[in-house]
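Trainee: Can you read through this structure? Questions will come right after.
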2 protein chains.
Amino acid sequence: MPVYKAPLRDMKFLLNEVFNYPGHYASLESGANATPDIVDAILSECGRFCEEVLSPLYQSGDEEGCKLENGEVTTPAGYKDAYNQYMMGGWQGLSAPEEYGGQGLPASMGLFKQEMMGTANWPFSMYPGLSLGAMNTIYLHGSEDQKQTYLVPLTEGRWGGTMCLTEPQCGTDLGQVKTRAEPQEDGSYRVTGTKIFISSGEHDLTENIVHIVLARLPDAPKGTRGISLFIVPKFLPNEDGGVGERNGVTCGSLEKKMGIKASATCVMNFDDAKGFLIGPKNQGLECMFTFMNTARIGTAIQGVGPAELSYQWALDYARERRSMRALSGKKDPDQVADSILHHADVRRMLLTQKAVAEGGRAMLYYAARLADHMVEGHTQGDDKKVEKYDDKLGFLTPILKGFLTELGYECTNLGMQVFGGHGYIREHGMEQIVRDTRIATLYEGTTGIQALDLLGRKVLLMTQGGAVRDFTLKIANFARKHVADKRLRSYSVELLKLTAQWNVLTMRLMLAARKDRDLVSAASNDFLMYSGYVTMAFMWLRQSAVAVDKLDNGGEQSEDFYRAKLATAEFYFERLLPRAQTHATSMLSPAKNLMQIEPDQMAFTD
Amino acid sequence: MPVYKAPLRDMKFLLNEVFNYPGHYASLESGANATPDIVDAILSECGRFCEEVLSPLYQSGDEEGCKLENGEVTTPAGYKDAYNQYMMGGWQGLSAPEEYGGQGLPASMGLFKQEMMGTANWPFSMYPGLSLGAMNTIYLHGSEDQKQTYLVPLTEGRWGGTMCLTEPQCGTDLGQVKTRAEPQEDGSYRVTGTKIFISSGEHDLTENIVHIVLARLPDAPKGTRGISLFIVPKFLPNEDGGVGERNGVTCGSLEKKMGIKASATCVMNFDDAKGFLIGPKNQGLECMFTFMNTARIGTAIQGVGPAELSYQWALDYARERRSMRALSGKKDPDQVADSILHHADVRRMLLTQKAVAEGGRAMLYYAARLADHMVEGHTQGDDKKVEKYDDKLGFLTPILKGFLTELGYECTNLGMQVFGGHGYIREHGMEQIVRDTRIATLYEGTTGIQALDLLGRKVLLMTQGGAVRDFTLKIANFARKHVADKRLRSYSVELLKLTAQWNVLTMRLMLAARKDRDLVSAASNDFLMYSGYVTMAFMWLRQSAVAVDKLDNGGEQSEDFYRAKLATAEFYFERLLPRAQTHATSMLSPAKNLMQIEPDQMAFTD
């Protein structure tokens, strides 16, 4: 059975060599305890937990799935034990405030942890992952009392959390939410309605589950401005902090899904369930979406992690499987055939995975620094700082979530392809990675929604192209510094061209959209993918610049590592980046070629 | 539960309006009975069978799968009954020679039938589909006695057939085959070995199963020139044509797969099984690959069919699902929100599916005419004619199989994406189409193998670019004829440019490959995809030319149909065809960026 190996070398390269996290942490209040040796110890320990505890449960969890009996959901064998180890290790509170039971480390540390956990076993990682969403919401909008009652046990991992948004008739368009909340005399509410697709809605890992629920007050305005946010616990908390009476929220059924079968996806029925308002009335959507950018980096991880895992397993297979001879002559003359790693087309697939896993990880680490600053701004009550970094993140997160999950899925399919027909057989695990990853472009805002958020809101509406100008300026300044080095010149020049092109494309879209509003939707997917390829190219230039420097200045012991980085960068710039130009062409294509066909002309049966 | 609707209008458009099949059939000996009214009746009847019998079993078959107990495989509920109807309808022998119990209709008719069956229920269609492979092999290489004994019941559908090639250590590289065949005194052989991935290896649909098996004689040379072909029946035939003694071939286990779960994929154990040599000794591979080009069109169908099915279901969903408002203003003001069909990005996904399904179908119908000529050449004993059309087909089939299955898979994923999170839930069927289609790029030669076959063998080695020159000449001649029509000018000009570029690219690769053999493998995937996009563009120009002509000359009753064709062509040329340029860029990229990285530099864990 294949296993996961934490890519600690690459993580440390990004941390210490590319993004200077030691310096970054030294500048943060929350970074006081994040000294290099502590960070190193935590990442190693987390890696070990992921390799030894979570990875072995990946395939068995898929095979077994979750079961619902008498309203109780049982997770696959080994999950509860693994969760207990996770809880006892204090992992849930790694980046949570110390005052509520956390370790107070920077937010970025939590993301590094999430990446390893999500790579080793994505479905497992969703249980603590969803809790993080509930924790964030209560931390940002809850009363002090609510924080003591709910946030502390959530931070300790004793309780789990969910986010209950989607209903049968709406997911994206939350203005259609129908769940009602009736005020009671004691200040609480009775919540009634049906929520679907609730990850971790019911399970046996924690003694209580805290649901964060979108619902409407009786007098609420229609649409998105009439939605409030409620805490609805599975068990009502006792005075002593323990669990008391069972509340009227139950799991009606488990969805049968393509993948992530070990993650319980529940239909949740709220039947006069006791709930507590969190945040201001009718501002539930805004509350729900505070710090959404940080959460979306978490989902972007599902682009990087599966690409990494699928790459690891495909690389092992490609080393061992023998078929035909390399076109340039026998490589393993004593064997019946050459290993398929010697075939250029197999390398094309593997290097695509490698370039996306490492380039995508760099994008995560780049964004995680911004998240640290934003969280610090919040802690310091510095709204300007929060806004500044939230804006920077707000531009990057749809790119990360949309682009990386699309490419991650492509990479899991390439991993399967390396296995040939064997990739289709369950025991090798490759098809599971594909199935598990397929959800990533659908939930937490489909790729289409990310694309519209990026182009329509963040770029055109909110900043009139300013977000692109700011980010490309950063890229161009970096590229200009390296244009003189002949090993980096072609990449730097290419990036300089792309930054100019990105701005021109943005301006052209802005002008064209004034005449034709549909153009924004028509161009959005291509704009998103284009933005992703350029951003990843920036990450590959940054990594290359470090590798060149290290090779020049005697990092002898790691020479191979740096050479591999440069080879991967070369592959990225020469074979993947050209795709950006297809998107550049398509995004300027008129919306007419999408909109002119009448709905009833789209199919003719006879 | 969603159903399949046979796209008869589009099929008849291609048959009668684009490719003049009535004239084509009139010119064929086997076409004597394929008059337009007969063809029409057969297609309608086949469509009805697919819609009413096969489509309803699609999801239940996946849910139930196949079961192996005591060496017997049970297919899902309803399969046996559906197969009986199929057999009683004489469908298996549609294009088989009359002298062996078939209806003697042109080969193309069989492909049209296969497309509908494969779209309605791909896993079911694999049972009769594999039999066709066995029938072809026996027809081409069997003795008259073998034909009477095996071919007749196969043609009637009473018996099923398989192709037993793959072994655990080899699939592509069949020179590694180990299965042995020991000659016996009675002229038969004892076959011993293990074959894997044997579709329809064991099942309950037919009274006997005829395995066509690759094995080695004791004195056989090593490698591919030492492999012979054997008929190994599950039950040895009686004198009276019925089934007799059970032979030593058994199903050891069923593979657990990502999809096509209703199709039994067997590990087959041959244990001193009685076999009969078919074709000359040690020329088994050549025999197996005769007419392989026709068979590969059959696999290419799995690109087109699932794109069609996924499109039908996604279109229905997009019409009904309401979310947000169209950017250009409310479309359904009385409703809570607009149907998602009004969002440009949703249309991008749907039109991609439509363009690939219809463009891919046109590619199939184009190739099917060539297959008819080749088969006629064989019937007439005209080797030159066979060679001529086999060469034409040989160039097209890797493009059809490789390119269409890759795009078909993309389209099934887009169909899921239109459903948002609901696409991930099994009941909607969208994720099943994805899982079932994922195999298409893996079996019958992976995309990588198709690409190498196209560029390495068919284009460079066998014809020194001649295959591209011949085909592009045909495209250019057609395009030149339509360059004067202003509605077709831009497409015609684009195709003229592309035909020139295709030749230039081929020449550049040929020259570069002389210096670096790895380049052929390095460029092959991009060359394949490029070839596919250009070929599909040719098909869209052909369809557009007919639509323009019909609109000019009063096909009033179908005006909407022709307008939709033109709108889809516009979408294809403006939004999908630009992808060809990315492949053009990448294919010229040096192999160095794939080959320079050392195998042991591809991963560093710490």
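Just so we're on the same page: first chain in the structure tokens is A, next is B, and so on; residues restart at 1 for each chain, and ligands are numbered from 1 in the order they show up.
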Could you list, as a list in words, every residue within 12 Å of Arg489 of chain A, counting only C-alpha atoms and ignoring same-chain residues fewer than 3 positions away?
Mentor: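 Selected residues are Phe478, Ala479, Arg480, Lys481, His482, Val483, Ala484, Asp485, Lys486, Ser492, Val493, Glu494, Leu495, Leu496, Leu541, Ser544, Ala545, Val548, Glu570 and Phe573 of chain A.
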Trainee: Please identify every residue of chain B that has at least one atom no more than 7 Å from any atom of chain A, counting only C-alpha atoms, and report them as a PyMOL selection string.
Mentor: chain B and resi 5-9+173+255-258+323-324+327-328+343-345+347-348+417+420-421+424-426+431+439+442-443+446+448+517-518+521-522+560-561+564+567+570-571+574-575+578-579+582+585-586+589+593-595+597+601-602+604-606
Trainee: Take the selection from the previous step and output its residues with C-alpha atoms, as a PDB file, in the first residue's frame.
Mentor:
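What ended up in part_37.pdb:
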ATOM      1  CA  LYS B   5     -32.202  10.646 -26.085  1.00  0.00           C
ATOM      2  CA  ALA B   6     -30.655   9.433 -29.346  1.00  0.00           C
ATOM      3  CA  PRO B   7     -29.451  12.506 -31.304  1.00  0.00           C
ATOM      4  CA  LEU B   8     -31.047  11.279 -34.526  1.00  0.00           C
ATOM      5  CA  ARG B   9     -31.330  14.741 -36.027  1.00  0.00           C
ATOM      6  CA  ASP B 173       4.942  -3.960 -24.317  1.00  0.00           C
ATOM      7  CA  GLU B 255     -10.984  -6.075 -10.643  1.00  0.00           C
ATOM      8  CA  LYS B 256     -12.357  -3.350  -8.399  1.00  0.00           C
ATOM      9  CA  LYS B 257     -12.407  -0.315 -10.613  1.00  0.00           C
ATOM     10  CA  MET B 258     -13.140   3.399 -10.603  1.00  0.00           C
ATOM     11  CA  SER B 323     -29.111  30.981  -9.345  1.00  0.00           C
ATOM     12  CA  MET B 324     -28.336  34.708  -9.341  1.00  0.00           C
ATOM     13  CA  LEU B 327     -25.020  40.008 -15.769  1.00  0.00           C
ATOM     14  CA  SER B 328     -26.847  41.610 -18.678  1.00  0.00           C
ATOM     15  CA  HIS B 343     -24.738  32.778 -17.341  1.00  0.00           C
ATOM     16  CA  ALA B 344     -22.060  33.051 -19.996  1.00  0.00           C
ATOM     17  CA  ASP B 345     -19.605  30.863 -18.109  1.00  0.00           C
ATOM     18  CA  ARG B 347     -22.715  28.348 -21.594  1.00  0.00           C
ATOM     19  CA  ARG B 348     -18.968  28.099 -22.125  1.00  0.00           C
ATOM     20  CA  GLN B 417     -19.241  21.248 -13.109  1.00  0.00           C
ATOM     21  CA  GLY B 420     -22.084  22.456  -9.003  1.00  0.00           C
ATOM     22  CA  GLY B 421     -21.908  20.434  -5.784  1.00  0.00           C
ATOM     23  CA  TYR B 424     -20.569  15.156  -7.044  1.00  0.00           C
ATOM     24  CA  ILE B 425     -23.611  13.286  -5.701  1.00  0.00           C
ATOM     25  CA  ARG B 426     -24.175   9.898  -7.245  1.00  0.00           C
ATOM     26  CA  GLU B 431     -20.050  11.618 -11.632  1.00  0.00           C
ATOM     27  CA  ILE B 439     -10.846   4.465 -18.625  1.00  0.00           C
ATOM     28  CA  LEU B 442      -6.047   4.300 -20.641  1.00  0.00           C
ATOM     29  CA  TYR B 443      -7.170   1.167 -22.431  1.00  0.00           C
ATOM     30  CA  THR B 446      -3.060   5.042 -23.639  1.00  0.00           C
ATOM     31  CA  GLY B 448       0.703   8.435 -24.854  1.00  0.00           C
ATOM     32  CA  ARG B 517      15.403  10.843 -30.710  1.00  0.00           C
ATOM     33  CA  ASP B 518      13.715  11.707 -27.394  1.00  0.00           C
ATOM     34  CA  SER B 521       8.199  11.208 -27.452  1.00  0.00           C
ATOM     35  CA  ALA B 522       8.561  14.691 -25.980  1.00  0.00           C
ATOM     36  CA  ASP B 560     -33.023  26.684 -36.054  1.00  0.00           C
ATOM     37  CA  PHE B 561     -30.953  23.554 -36.408  1.00  0.00           C
ATOM     38  CA  ALA B 564     -27.348  26.352 -33.976  1.00  0.00           C
ATOM     39  CA  ALA B 567     -23.313  29.269 -33.597  1.00  0.00           C
ATOM     40  CA  GLU B 570     -18.315  30.064 -34.179  1.00  0.00           C
ATOM     41  CA  PHE B 571     -17.796  28.983 -30.583  1.00  0.00           C
ATOM     42  CA  GLU B 574     -13.135  31.337 -31.432  1.00  0.00           C
ATOM     43  CA  ARG B 575     -12.856  29.579 -28.082  1.00  0.00           C
ATOM     44  CA  PRO B 578      -6.919  28.684 -30.038  1.00  0.00           C
ATOM     45  CA  ARG B 579      -5.711  25.828 -27.846  1.00  0.00           C
ATOM     46  CA  THR B 582      -0.345  26.235 -27.189  1.00  0.00           C
ATOM     47  CA  THR B 585       4.481  26.111 -29.077  1.00  0.00           C
ATOM     48  CA  SER B 586       5.043  23.255 -26.639  1.00  0.00           C
ATOM     49  CA  SER B 589      10.132  22.840 -26.962  1.00  0.00           C
ATOM     50  CA  ASN B 593      13.519  20.284 -20.379  1.00  0.00           C
ATOM     51  CA  LEU B 594      12.097  16.787 -19.839  1.00  0.00           C
ATOM     52  CA  MET B 595      15.225  14.662 -19.920  1.00  0.00           C
ATOM     53  CA  ILE B 597      16.590  16.042 -14.582  1.00  0.00           C
ATOM     54  CA  GLN B 601      16.657  14.222  -8.376  1.00  0.00           C
ATOM     55  CA  MET B 602      12.937  14.016  -8.886  1.00  0.00           C
ATOM     56  CA  PHE B 604      13.715  15.052  -1.970  1.00  0.00           C
ATOM     57  CA  THR B 605      11.955  14.260   1.252  1.00  0.00           C
ATOM     58  CA  ASP B 606      14.295  15.917   3.713  1.00  0.00           C
TER      59      ASP B 606
END
Trainee: If we count only C-alpha atoms, what is near Ala295 of chain A at a cut-off of 12 Å, once residues fewer than 2 positions away on the same chain are taken out, given as a ChimeraX atom specification?
Mentor: /A:107-108,110-111,114,129-137,163,288-293,297-301,367-368,371,393-394,397-398,400-401,444-445
Trainee: Please return, as a ChimeraX atom specification, all residues of segment 28-273 of chain A that DSSP assigns to strand (DSSP E or B) on the basis of the backbone.
Mentor: /A:67-69,72-74,159-164,167,170,180-183,189-199,208-216,227-233,235-237,243-246,249-254,257,265-273
Trainee: Please, which residues of segment 331-532 of chain B, numbered as in this document, come out alpha helix (DSSP H) from DSSP, as an MDAnalysis selection string?
Mentor: chainID B and resid 344:379 383:398 404:418 430:437 447:452 466:482 489:515 518:532
Trainee: So which residues touch Phe49 of chain A within 10 Å, counting only C-alpha atoms, skipping near sequence neighbours fewer than 3 positions away, as a list in words?
Mentor: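 The neighbour list is Ala6, Leu43, Ser44, Glu45, Cys46, Glu52, Val53, Leu54, Ser55, Ala82, Gln85, Tyr86, Gly89, Met116, Met117 and Ala120 of chain A.
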Trainee: Next, the residues of the selection above should be written as an mmCIF file, in the first residue's frame with N, CA and C atoms.
Mentor:
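Contents of selection.cif, as written:
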data_model
loop_
_atom_site.group_PDB
_atom_site.id
_atom_site.type_symbol
_atom_site.label_atom_id
_atom_site.label_comp_id
_atom_site.auth_asym_id
_atom_site.auth_seq_id
_atom_site.Cartn_x
_atom_site.Cartn_y
_atom_site.Cartn_z
ATOM 1 N N ALA A 6 6.096 13.299 3.838
ATOM 2 C CA ALA A 6 6.005 14.761 3.949
ATOM 3 C C ALA A 6 7.185 15.420 3.216
ATOM 4 N N LEU A 43 6.920 21.119 12.369
ATOM 5 C CA LEU A 43 6.660 20.576 11.033
ATOM 6 C C LEU A 43 7.079 19.109 10.948
ATOM 7 N N SER A 44 8.214 18.788 11.566
ATOM 8 C CA SER A 44 8.659 17.391 11.534
ATOM 9 C C SER A 44 7.681 16.488 12.259
ATOM 10 N N GLU A 45 7.228 16.960 13.398
ATOM 11 C CA GLU A 45 6.301 16.157 14.191
ATOM 12 C C GLU A 45 4.968 15.994 13.456
ATOM 13 N N CYS A 46 4.513 17.066 12.838
ATOM 14 C CA CYS A 46 3.279 17.004 12.073
ATOM 15 C C CYS A 46 3.445 16.049 10.887
ATOM 16 N N GLU A 52 2.526 8.512 9.504
ATOM 17 C CA GLU A 52 2.355 7.258 10.249
ATOM 18 C C GLU A 52 0.926 6.999 10.677
ATOM 19 N N VAL A 53 0.173 8.056 10.911
ATOM 20 C CA VAL A 53 -1.189 7.866 11.421
ATOM 21 C C VAL A 53 -2.248 8.113 10.336
ATOM 22 N N LEU A 54 -2.144 9.226 9.640
ATOM 23 C CA LEU A 54 -3.211 9.573 8.685
ATOM 24 C C LEU A 54 -3.093 8.837 7.347
ATOM 25 N N SER A 55 -1.873 8.744 6.818
ATOM 26 C CA SER A 55 -1.702 8.125 5.500
ATOM 27 C C SER A 55 -2.206 6.679 5.458
ATOM 28 N N ALA A 82 -7.240 8.099 15.498
ATOM 29 C CA ALA A 82 -6.377 9.117 14.880
ATOM 30 C C ALA A 82 -6.793 10.513 15.341
ATOM 31 N N GLN A 85 -5.508 11.221 18.793
ATOM 32 C CA GLN A 85 -4.086 11.588 18.779
ATOM 33 C C GLN A 85 -3.918 13.036 18.328
ATOM 34 N N TYR A 86 -4.701 13.384 17.322
ATOM 35 C CA TYR A 86 -4.654 14.758 16.808
ATOM 36 C C TYR A 86 -5.031 15.750 17.901
ATOM 37 N N GLY A 89 -2.490 15.965 20.730
ATOM 38 C CA GLY A 89 -1.285 16.695 20.322
ATOM 39 C C GLY A 89 -1.482 18.203 20.310
ATOM 40 N N MET A 116 -0.067 19.334 4.979
ATOM 41 C CA MET A 116 0.429 17.965 5.177
ATOM 42 C C MET A 116 -0.712 17.007 5.497
ATOM 43 N N MET A 117 -1.603 17.443 6.379
ATOM 44 C CA MET A 117 -2.738 16.577 6.716
ATOM 45 C C MET A 117 -3.614 16.314 5.499
ATOM 46 N N ALA A 120 -1.907 13.833 3.087
ATOM 47 C CA ALA A 120 -1.875 12.454 3.579
ATOM 48 C C ALA A 120 -3.269 11.835 3.559
#
Trainee: Near segment 305-307 of chain B, counting only C-alpha atoms, which residues have an atom at most 6 Å away, once you skip same-chain residues fewer than 5 positions from it, shown as a VMD selection string?
Mentor: chain B and resid 119 353 357 408 411 to 412
Trainee: Can you write just those residues out, N, CA and C atoms, as a PDB file, in the first residue's frame?
Mentor:
ATOM      1  N   THR B 119     -23.330   5.417 -25.783  1.00  0.00           N
ATOM      2  CA  THR B 119     -23.740   6.650 -25.114  1.00  0.00           C
ATOM      3  C   THR B 119     -24.808   6.350 -24.061  1.00  0.00           C
ATOM      4  N   GLN B 353     -19.069  21.117 -24.499  1.00  0.00           N
ATOM      5  CA  GLN B 353     -19.596  19.752 -24.626  1.00  0.00           C
ATOM      6  C   GLN B 353     -20.262  19.543 -25.987  1.00  0.00           C
ATOM      7  N   ALA B 357     -19.027  16.971 -28.772  1.00  0.00           N
ATOM      8  CA  ALA B 357     -19.901  15.841 -29.108  1.00  0.00           C
ATOM      9  C   ALA B 357     -20.213  15.845 -30.606  1.00  0.00           C
ATOM     10  N   GLY B 408     -13.351  14.107 -24.555  1.00  0.00           N
ATOM     11  CA  GLY B 408     -14.591  13.560 -24.013  1.00  0.00           C
ATOM     12  C   GLY B 408     -14.554  13.563 -22.491  1.00  0.00           C
ATOM     13  N   CYS B 411     -15.101  16.936 -21.203  1.00  0.00           N
ATOM     14  CA  CYS B 411     -16.522  17.319 -21.313  1.00  0.00           C
ATOM     15  C   CYS B 411     -17.374  16.686 -20.216  1.00  0.00           C
ATOM     16  N   THR B 412     -17.059  15.466 -19.835  1.00  0.00           N
ATOM     17  CA  THR B 412     -17.838  14.858 -18.750  1.00  0.00           C
ATOM     18  C   THR B 412     -17.579  15.618 -17.450  1.00  0.00           C
TER      19      THR B 412
END
